[in-house]
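Reviewing the structure listed below.
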Amino acid sequence: MPVNSFENYPMPWIPDKEKLKSPIYISIAELLEQDIQSGKLAGNTKLPPQRELADFLDLNLSTITRAFKICENKGLIYANIGQGTFVSPNAAIPFLHKANNGCVELGIIRPFYQYNKIVADIAQKTIQRNTSQYLFEFDSISESYKHKQTAIKWLKSFHIETEPENIMLTAGTQNALTIVFLALFHSGDKILTDSYTYSNFIGLARQLNVQLISVAADEDGMIPDLVEKQCRIMDIKGIFLMPSCNNPTGTVMSMERKRKIASLIQQYHLILMEDDAYGFIANDTGEPIQTLIPDNTIYLHSLSKSLSAGLRCAYMVIPDCLRQTFLETANNVNLKIPLLNAEIISELIASGNAGRIIGQKKRQAKERNRIYKKYFPDSICPNEYSFFQWLPLPAHYNGYQLEMQATDNGIHIFCSDRFTVGKAESTAIRIATCSPDSLQQLETGLKTLKHLLDKNQQYISQANFII
């Protein structure tokens with residue numbers, strides 16, 4: 001008797017046949033996406049084998065394969081050779097439970113908001129100038145050039161040498177990445193990333209149907225042999241890295257590793273998107289990869305974490321060969337930074353306040369990481385100035401369930417599923433030590449988290465562990 005004669009044949013997912021319409025493969029992909037986004041199919045759920053699903057629906061195998069490929073390109077599912085196809089762990093990221101006013105923020109990175117007072121003072125003085133009306137023009141070539149000159153001087157301290165025509169001011173890293181995607185990539189293109197990477201980058205790639213390919217890392221960063229393996233078997237277009245401090249793991253890429261990765265990027269003609277948002281806290285780990293392969297690199301330098309998140313300013317350095325393409329794309333989508341914001345940033349830098357803010361933030365971060373180590377002494381901290389910590393958890397934890405449980409106990413945390421590309425290697429949580437308003441609030445949050453994890457650990461032998 002054929003498989004599809006059984007109405008109640010057990011499979012982890014079956015599309016509603018009554019909702020299927022031509023073209024069938026697109027309809028199946030849409031139904032699968034709906035069930036994933038709605039939460040009906042949880043992260044890491046194993047989907048039925050494609051041949052089995054084709055037999056059940058009386059369809060050609062190629063129809064199911066095309067449907068699955070659409071969802072894979074969107075980052076909704078991933079395939080493991082010899083194991084099957086699974087729902088991506090962050091395909092449908094749930095919102096955190098609404099917390100009471102006393103909830104300690106350890107999830108969202110709030111980069112020491114107390115120093116916004118310095119920014120506000122500069123903003124007030126800027127507005128009060130007699131010439132401030134020019135800052136409200138839609139575009140001013142002379143003003144833009146002035147801010148690019150400031151950017152050139154600032155970037156020199158990060159080993160970046162460039163010219164005004166190769167700099168673009170954008171409203172933060174996310175807007176810069178949007179320009180990069182629109183200018184250089186198309187639906188179905190493949191980009192290499194770390195197994196755990198910037199969650200907004202994952203969301204943007206999914207929105208534009210660009211497929212992210214996970215590459216494992218060690219203590220020095222992304223593993224070159226695995227990069228080369230992926231480049232040999234796939235048509236890889238680009239690579240996204242945060243070498244100075246990976247968000248969320250905090251991994252710092254060594255200079256030797258940077259050279260090996262740079263060599264592979266040149267060999268396989270890739271475009272590197274180098275996010276240096278945390279370059280200001282980097283220890284002496286050498287120069288950015290951009291200095292090794294400037295013609296292959298889009299260098300992104302956000303000032304949100306170092307100076308002010310609310311000003312939404314980033315410097316993007318573009319190679320000569322891509323300058324015109326980027327200019328046209330930026331003009332079409334109008335993602336430029338407002339002149340007022342650029343003026344405030346430039347004044348912070350010129351007055352020396354930028355350096356003072358960074359120095360104070362680093363001292364605060366060091367003190368907060370010392371407190372963190374008091375509660376989690378076995379945790380590895382690659383950078384003593386990091387704004388967040390990465391805490392691996394024992395097996396069998398469900399990250400999103402732990403988030404909800406933590407919220408119920410008065411703390412916000414982010415689990416590793418929010419940052420995972422492809423298969424989750426393990427479960428961990430990112431703890432934003434910079435976010436609480438005070439050291440006392442941080443200590444309260446860490447104490448609560450430690451108590452919660454210890455309590456869960458006690459339940460392992462009783463089968464009451466979070467699973």
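Naming scheme: A, B, ... for chains in displayed order of the structure tokens; residues 1 onward per chain; ligands 1 onward as shown.
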As a ChimeraX atom specification, please: all residues of stretch 124-364 of chain A that backbone DSSP puts in alpha helix (DSSP H).
/A:124-127,141-156,173-184,199-207,224-233,255-267,323-333,339-350,353-364
With only C-alpha atoms as the counted atoms, please give the residues lying no more than 9 Å from A:Phe326, apart from itself and same-chain residues fewer than 6 positions off, as a PyMOL selection string.
chain A and resi 168+179-180+182-184+318
Those residues with N, CA and C atoms, as a PDB file, in the first residue's frame please?
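Writing done, so here's out_14.pdb:
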```pdb
ATOM      1  N   MET A 168      31.649  56.852   3.459  1.00  0.00           N
ATOM      2  CA  MET A 168      30.223  57.152   3.458  1.00  0.00           C
ATOM      3  C   MET A 168      29.747  57.182   4.909  1.00  0.00           C
ATOM      4  N   ILE A 179      22.771  48.992   2.711  1.00  0.00           N
ATOM      5  CA  ILE A 179      23.351  49.503   1.467  1.00  0.00           C
ATOM      6  C   ILE A 179      24.238  48.441   0.821  1.00  0.00           C
ATOM      7  N   VAL A 180      25.046  47.757   1.636  1.00  0.00           N
ATOM      8  CA  VAL A 180      25.938  46.715   1.112  1.00  0.00           C
ATOM      9  C   VAL A 180      25.132  45.611   0.429  1.00  0.00           C
ATOM     10  N   LEU A 182      22.038  45.690  -0.783  1.00  0.00           N
ATOM     11  CA  LEU A 182      21.344  46.162  -1.978  1.00  0.00           C
ATOM     12  C   LEU A 182      22.309  46.420  -3.131  1.00  0.00           C
ATOM     13  N   ALA A 183      23.520  46.850  -2.817  1.00  0.00           N
ATOM     14  CA  ALA A 183      24.488  47.186  -3.861  1.00  0.00           C
ATOM     15  C   ALA A 183      25.194  45.967  -4.444  1.00  0.00           C
ATOM     16  N   LEU A 184      25.420  44.940  -3.617  1.00  0.00           N
ATOM     17  CA  LEU A 184      26.320  43.864  -4.033  1.00  0.00           C
ATOM     18  C   LEU A 184      25.708  42.477  -4.126  1.00  0.00           C
ATOM     19  N   ILE A 318      34.814  52.313   1.545  1.00  0.00           N
ATOM     20  CA  ILE A 318      34.485  51.552   0.340  1.00  0.00           C
ATOM     21  C   ILE A 318      35.679  51.545  -0.606  1.00  0.00           C
TER      22      ILE A 318
END
```
If you run DSSP on the backbone here, which positions in stretch 166-399 of chain A get strand (DSSP E)? Please write them as a PyMOL selection string.
chain A and resi 167-170+190-194+211-215+217-218+221-222+236-241+271-275+297-302+314-317+389-392
With C-alpha atoms retained, could you export that selection as a compact mmCIF listing (two decimals), in the first residue's frame?
```txt
# COMPACT_ATOMS: atom_id res chain seq x y z
CA ILE A 167 33.98 57.26 3.04
CA MET A 168 30.22 57.15 3.46
CA LEU A 169 28.45 58.32 6.62
CA THR A 170 25.45 56.14 7.40
CA LYS A 190 25.66 32.92 -0.22
CA ILE A 191 27.65 34.68 2.51
CA LEU A 192 29.92 33.02 5.09
CA THR A 193 29.49 33.98 8.74
CA ASP A 194 30.52 32.73 12.14
CA GLN A 211 21.69 32.67 2.42
CA LEU A 212 24.12 32.62 5.35
CA ILE A 213 26.56 29.70 5.54
CA SER A 214 27.85 28.89 9.02
CA VAL A 215 31.58 28.40 9.61
CA ALA A 217 35.43 29.12 14.97
CA ASP A 218 38.04 28.39 17.61
CA GLY A 221 38.20 33.13 15.23
CA MET A 222 36.76 31.61 12.05
CA ILE A 236 30.29 31.97 -2.05
CA LYS A 237 29.94 35.70 -2.75
CA GLY A 238 30.93 37.29 0.54
CA ILE A 239 31.97 36.92 4.15
CA PHE A 240 30.88 38.82 7.28
CA LEU A 241 33.27 39.10 10.23
CA ILE A 271 33.73 40.61 -0.61
CA LEU A 272 34.52 41.04 3.09
CA MET A 273 32.15 42.99 5.32
CA GLU A 274 34.34 43.82 8.32
CA ASP A 275 32.30 45.11 11.25
CA THR A 297 36.76 44.94 1.98
CA ILE A 298 33.80 47.02 3.04
CA TYR A 299 34.93 48.36 6.41
CA LEU A 300 32.16 49.31 8.87
CA HIS A 301 32.99 51.46 11.88
CA SER A 302 29.98 52.25 14.05
CA ALA A 314 28.77 54.82 11.28
CA TYR A 315 31.72 55.37 8.95
CA MET A 316 31.78 53.00 5.97
CA VAL A 317 35.00 52.72 3.92
CA GLN A 389 29.95 38.08 28.17
CA TRP A 390 29.22 34.71 26.55
CA LEU A 391 28.24 32.01 29.01
CA PRO A 392 28.01 28.41 27.67
```
When you count only C-alpha atoms, which of these residues is closest to A:Gln267: A:Ser199, A:Gln174, A:Asn296, A:Thr150?
A:Asn296
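Minimum atom-to-atom distance to A:Leu393, evaluated using only C-alpha atoms, belongs to A:Asp454 out of A:Asp454, A:Glu343, A:Glu443, A:Glu256.
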Among the residues A:Ile345, A:Ala309, A:Leu340, A:Val252, the one that comes closest to A:Tyr113 [using only C-alpha atoms]:
A:Ala309
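Omitting A:Gln124 and its sequence neighbours fewer than 6 positions away, and counting only C-alpha atoms, the residues within 12 Å are Lys117, Ile118, Ser132, Leu340, Asn341, Glu343, Ile344 and Glu347 of chain A.
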Export of the given selection (N, CA and C atoms) as an mmCIF file, in the first residue's frame:
```cif
data_model
loop_
_atom_site.group_PDB
_atom_site.id
_atom_site.type_symbol
_atom_site.label_atom_id
_atom_site.label_comp_id
_atom_site.auth_asym_id
_atom_site.auth_seq_id
_atom_site.Cartn_x
_atom_site.Cartn_y
_atom_site.Cartn_z
ATOM 1 N N LYS A 117 24.984 62.210 28.781
ATOM 2 C CA LYS A 117 24.929 63.587 29.291
ATOM 3 C C LYS A 117 25.986 64.455 28.586
ATOM 4 N N ILE A 118 27.161 63.880 28.351
ATOM 5 C CA ILE A 118 28.220 64.607 27.637
ATOM 6 C C ILE A 118 27.771 64.894 26.215
ATOM 7 N N SER A 132 23.647 77.161 12.900
ATOM 8 C CA SER A 132 23.043 75.832 13.058
ATOM 9 C C SER A 132 21.949 75.531 12.033
ATOM 10 N N LEU A 340 22.883 67.078 11.322
ATOM 11 C CA LEU A 340 22.934 67.437 12.739
ATOM 12 C C LEU A 340 23.665 66.357 13.529
ATOM 13 N N ASN A 341 23.321 65.104 13.276
ATOM 14 C CA ASN A 341 23.990 64.003 13.977
ATOM 15 C C ASN A 341 25.479 63.969 13.652
ATOM 16 N N GLU A 343 27.343 66.450 12.759
ATOM 17 C CA GLU A 343 27.991 67.593 13.393
ATOM 18 C C GLU A 343 28.290 67.310 14.864
ATOM 19 N N ILE A 344 27.339 66.692 15.554
ATOM 20 C CA ILE A 344 27.547 66.380 16.972
ATOM 21 C C ILE A 344 28.692 65.384 17.136
ATOM 22 N N GLU A 347 32.005 67.075 16.486
ATOM 23 C CA GLU A 347 32.373 67.947 17.601
ATOM 24 C C GLU A 347 32.862 67.124 18.797
#
```
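If you measure from each of A:Asn247, A:Ser346, A:Asn44, A:Asn383 to A:Ser144 using only C-alpha atoms, the closest one turns out to be A:Ser346.
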Fewer than 3 positions away in the same chain doesn't count, so skip those; otherwise give me all residues within 12 Å of A:His451, counting only C-alpha atoms, as a list in words.
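What passes the distance filter is Tyr375, Phe376, Ala406, Asn409, Ile411, Thr444, Gly445, Leu446, Lys447, Thr448, Asp454, Lys455, Asn456, Gln457 and Gln458 of chain A.
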For the residues in the current selection, export N, CA and C atoms as a CSV table (one decimal), in the first residue's frame.
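Writing done, so here's out.csv:
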```csv
chain,number,residue,atom,x,y,z
A,375,TYR,N,30.8,35.9,40.0
A,375,TYR,CA,29.7,35.0,39.9
A,375,TYR,C,29.9,33.8,39.0
A,376,PHE,N,30.7,34.1,37.9
A,376,PHE,CA,31.0,33.0,36.9
A,376,PHE,C,32.5,32.9,36.7
A,406,ALA,N,13.9,33.5,33.0
A,406,ALA,CA,14.7,34.6,33.6
A,406,ALA,C,13.9,35.9,33.7
A,409,ASN,N,11.9,36.0,36.6
A,409,ASN,CA,12.6,36.2,37.8
A,409,ASN,C,13.3,37.6,37.9
A,411,ILE,N,15.0,39.4,35.3
A,411,ILE,CA,16.1,39.8,34.5
A,411,ILE,C,15.9,39.4,33.0
A,444,THR,N,22.9,42.7,41.3
A,444,THR,CA,21.6,42.0,41.6
A,444,THR,C,21.2,41.1,40.5
A,445,GLY,N,21.4,41.6,39.2
A,445,GLY,CA,21.0,40.7,38.1
A,445,GLY,C,21.9,39.5,38.0
A,446,LEU,N,23.2,39.6,38.2
A,446,LEU,CA,24.0,38.4,38.1
A,446,LEU,C,23.8,37.4,39.2
A,447,LYS,N,23.5,38.0,40.4
A,447,LYS,CA,23.1,37.1,41.5
A,447,LYS,C,21.9,36.3,41.2
A,448,THR,N,20.9,37.0,40.7
A,448,THR,CA,19.6,36.3,40.3
A,448,THR,C,19.9,35.2,39.2
A,454,ASP,N,21.8,27.7,39.0
A,454,ASP,CA,22.1,26.7,40.0
A,454,ASP,C,20.9,25.9,40.4
A,455,LYS,N,19.7,26.5,40.4
A,455,LYS,CA,18.5,25.9,40.7
A,455,LYS,C,18.1,24.9,39.6
A,456,ASN,N,18.3,25.3,38.4
A,456,ASN,CA,18.0,24.4,37.3
A,456,ASN,C,18.9,23.2,37.3
A,457,GLN,N,20.2,23.4,37.6
A,457,GLN,CA,21.2,22.4,37.6
A,457,GLN,C,20.8,21.3,38.6
A,458,GLN,N,20.2,21.7,39.7
A,458,GLN,CA,19.8,20.7,40.7
A,458,GLN,C,18.7,19.7,40.3
```
Residues within 10 Å of A:Phe68, please, as a list in words. Count only C-alpha atoms; anything in the same chain fewer than 6 positions from it doesn't count.
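Contacts, with the query itself left out: Tyr25, Ile26, Ile28, Ala29, Leu32, Glu33, Leu47, Gln50, Ser62, Lys74, Leu76, Ile77, Tyr78, Ala79 and Thr85 of chain A.
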For the residues in the current selection, export C-alpha atoms as a short mmCIF file (atom, residue, chain, number, x, y, z; two decimals), in the first residue's frame.
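Writing the result to again.cif gives the following:
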```cif
data_model
loop_
_atom_site.label_atom_id
_atom_site.label_comp_id
_atom_site.auth_asym_id
_atom_site.auth_seq_id
_atom_site.Cartn_x
_atom_site.Cartn_y
_atom_site.Cartn_z
CA TYR A 25 6.65 24.37 -4.85
CA ILE A 26 6.09 28.04 -3.95
CA ILE A 28 4.65 24.48 -0.06
CA ALA A 29 7.46 26.92 0.77
CA LEU A 32 6.32 25.86 5.65
CA GLU A 33 7.40 29.44 6.32
CA LEU A 47 11.48 17.94 8.92
CA GLN A 50 11.99 15.15 1.05
CA SER A 62 12.03 18.06 -7.39
CA LYS A 74 15.72 32.51 3.65
CA LEU A 76 14.37 29.27 7.85
CA ILE A 77 15.76 25.75 7.61
CA TYR A 78 19.18 24.13 7.34
CA ALA A 79 20.40 20.74 6.10
CA THR A 85 16.73 18.98 7.31
#
```
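By chain and then residue number, the residues within 10 Å of A:Val333 are A:Asn175, A:Thr178, A:Ile179, A:Leu182, A:Glu328, A:Thr329, A:Ala330, A:Asn331, A:Leu335, A:Lys336, counting only C-alpha atoms and disregarding those fewer than 2 positions away in sequence.
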10 Å contact set for A:Leu402, only C-alpha atoms, chain neighbours under 6 positions out, as a ChimeraX atom specification
/A:408,413-415,429,452-453,456,466-467
Pick the closest to A:Pro164 from A:Asp437, A:Asp378, A:Glu105, A:Asp320: which is it, counting only C-alpha atoms?
A:Asp320
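The coordinates place atom CA of A:Gln324 at 14.2 Å from atom CA of A:Asp295.
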